Structures are given as structure tokens and as C-alpha cells.
$ cat run-v1.pdb   # PDB, C-alpha atoms
ATOM      1  CA  MET A   8      88.263  83.771 108.485  1.00  0.00           C
ATOM      2  CA  THR A   9      89.701  80.843 110.325  1.00  0.00           C
ATOM      3  CA  CYS A  10      91.695  78.684 107.909  1.00  0.00           C
ATOM      4  CA  GLY A  11      93.579  78.342 104.651  1.00  0.00           C
ATOM      5  CA  HIS A  12      90.370  77.430 102.850  1.00  0.00           C
ATOM      6  CA  CYS A  13      88.921  80.802 103.871  1.00  0.00           C
ATOM      7  CA  VAL A  14      91.991  82.568 102.507  1.00  0.00           C
ATOM      8  CA  ALA A  15      91.768  80.635  99.238  1.00  0.00           C
ATOM      9  CA  ALA A  16      88.051  81.395  98.843  1.00  0.00           C
ATOM     10  CA  VAL A  17      88.519  85.140  99.339  1.00  0.00           C
ATOM     11  CA  THR A  18      91.589  85.220  97.103  1.00  0.00           C
ATOM     12  CA  GLU A  19      89.792  83.363  94.310  1.00  0.00           C
ATOM     13  CA  GLU A  20      86.636  85.492  94.435  1.00  0.00           C
ATOM     14  CA  VAL A  21      88.485  88.810  94.578  1.00  0.00           C
ATOM     15  CA  THR A  22      90.823  87.805  91.747  1.00  0.00           C
ATOM     16  CA  ALA A  23      87.902  86.734  89.560  1.00  0.00           C
ATOM     17  CA  GLY A  24      85.436  89.421  90.608  1.00  0.00           C
ATOM     18  CA  VAL A  25      87.517  92.599  90.637  1.00  0.00           C
ATOM     19  CA  PRO A  26      88.673  93.640  87.153  1.00  0.00           C
ATOM     20  CA  GLY A  27      92.366  94.457  86.907  1.00  0.00           C
ATOM     21  CA  THR A  28      93.378  92.563  90.042  1.00  0.00           C
ATOM     22  CA  THR A  29      97.067  91.668  89.895  1.00  0.00           C
ATOM     23  CA  ASP A  30      97.572  90.409  93.455  1.00  0.00           C
ATOM     24  CA  VAL A  31      95.548  89.489  96.543  1.00  0.00           C
ATOM     25  CA  GLN A  32      97.198  89.075  99.940  1.00  0.00           C
ATOM     26  CA  VAL A  33      95.078  87.787 102.822  1.00  0.00           C
ATOM     27  CA  ASP A  34      96.368  88.049 106.383  1.00  0.00           C
ATOM     28  CA  LEU A  35      94.527  85.316 108.275  1.00  0.00           C
ATOM     29  CA  PRO A  36      95.181  86.545 111.865  1.00  0.00           C
ATOM     30  CA  SER A  37      93.896  90.074 111.192  1.00  0.00           C
ATOM     31  CA  GLY A  38      91.382  89.215 108.463  1.00  0.00           C
ATOM     32  CA  ARG A  39      92.875  91.972 106.340  1.00  0.00           C
ATOM     33  CA  VAL A  40      92.854  91.705 102.569  1.00  0.00           C
ATOM     34  CA  VAL A  41      95.158  93.786 100.379  1.00  0.00           C
ATOM     35  CA  VAL A  42      94.095  93.973  96.746  1.00  0.00           C
ATOM     36  CA  THR A  43      96.534  95.267  94.136  1.00  0.00           C
ATOM     37  CA  THR A  44      95.110  96.312  90.771  1.00  0.00           C
ATOM     38  CA  ASP A  45      96.348  97.815  87.573  1.00  0.00           C
ATOM     39  CA  ARG A  46      93.448 100.301  87.489  1.00  0.00           C
ATOM     40  CA  PRO A  47      91.083 102.072  89.889  1.00  0.00           C
ATOM     41  CA  VAL A  48      88.320  99.831  91.231  1.00  0.00           C
ATOM     42  CA  GLN A  49      84.934 100.440  92.771  1.00  0.00           C
ATOM     43  CA  GLU A  50      84.579  99.588  96.474  1.00  0.00           C
ATOM     44  CA  GLN A  51      81.362  97.766  95.601  1.00  0.00           C
ATOM     45  CA  ALA A  52      83.274  95.313  93.349  1.00  0.00           C
ATOM     46  CA  VAL A  53      85.561  94.332  96.228  1.00  0.00           C
ATOM     47  CA  LYS A  54      82.625  94.130  98.651  1.00  0.00           C
ATOM     48  CA  ASP A  55      80.665  91.917  96.256  1.00  0.00           C
ATOM     49  CA  ALA A  56      83.629  89.572  95.752  1.00  0.00           C
ATOM     50  CA  VAL A  57      84.278  89.228  99.486  1.00  0.00           C
ATOM     51  CA  GLU A  58      80.582  88.553 100.110  1.00  0.00           C
ATOM     52  CA  GLU A  59      80.519  85.974  97.292  1.00  0.00           C
ATOM     53  CA  ALA A  60      83.247  84.134  99.216  1.00  0.00           C
ATOM     54  CA  GLY A  61      80.978  84.149 102.284  1.00  0.00           C
ATOM     55  CA  TYR A  62      82.510  86.992 104.290  1.00  0.00           C
ATOM     56  CA  GLN A  63      81.789  90.658 105.015  1.00  0.00           C
ATOM     57  CA  LEU A  64      83.854  93.685 104.168  1.00  0.00           C
ATOM     58  CA  VAL A  65      84.030  96.017 107.165  1.00  0.00           C
ATOM     59  CA  PRO A  66      82.468  99.388 106.229  1.00  0.00           C
ATOM     60  CA  GLY A  67      85.057 102.086 105.655  1.00  0.00           C
ATOM     61  CA  SER A  68      87.933  99.630 105.429  1.00  0.00           C
ATOM     62  CA  LEU A  69      88.932 100.392 101.851  1.00  0.00           C
ATOM     63  CA  ARG A  70      91.381 103.176 101.151  1.00  0.00           C
TER      64      ARG A  70
END
$ encode --input "run-v1.pdb" --output "C-alpha cells"
Amino acid sequence: MTCGHCVAAVTEEVTAGVPGTTDVQVDLPSGRVVVTTDRPVQEQAVKDAVEEAGYQLVPGSLR
């Protein structure tokens, strides 16, 4: 990710694509995304949303 548009695209896709999402924080310099939800989520849902925005989720990066 290199700009505010990238941040907005990831934020929008994760918010829409991951059920129960209450907050998405994207740190542009590190490329880190913190997703807060009100329920457990599947890693695949986050991966799919990030890929829909045009980016890749680094394997093993979700905790």
C-alpha cells in the first residue's frame, strides 16, 4: 500500500466483507491492518476482503 486511496480501499472491503467488523485500522507505513469484530471471524474472510481490495494478506499474519 502506498497511499490514502489504498487505505480506503482495504478499509472499505474489510468492513463490507467481514461480518461483525466494528473497526478497521490500517497503518500505511507498515502495511498492517487491525480488524476489530464483535464475533470470531474466519481468516479466509479477511484474506478474501484484502484480496478484493487488490492486496495480499501475508500468510500467518492473523492472530
$ resolve_selection --input "run-v1.pdb" --expression "the PyMOL selection byres ((chain A and resi 39) around 12)" --output "ChimeraX atom specification"
/A:8,14,17-18,31-38,40-42,57,62-65,68-69
$ residues_around --input "run-v1.pdb" --residues "segment 46-49 of chain A" --least-positions-apart "4" --cutoff "10 Å" --atoms "only C-alpha atoms" --output "MDAnalysis selection string"
chainID A and resid 25:29 42 53:54 69
$ atom_distance --input "run-v1.pdb" --atom1 "atom CA of Thr44 of chain A" --atom2 "atom CA of Thr22 of chain A"
9.6 Å
$ atom_distance --input "run-v1.pdb" --atom1 "atom CA of Ala23 of chain A" --atom2 "atom CA of Thr9 of chain A"
21.7 Å
$ atom_distance --input "run-v1.pdb" --atom1 "atom CA of Thr43 of chain A" --atom2 "atom CA of Gly24 of chain A"
13.0 Å
$ residues_around --input "run-v1.pdb" --residues "Ala56 of chain A" --least-positions-apart "3" --cutoff "7 Å" --atoms "all atoms listed in the file" --output "ChimeraX atom specification"
/A:20-21,24,52-53,59-60
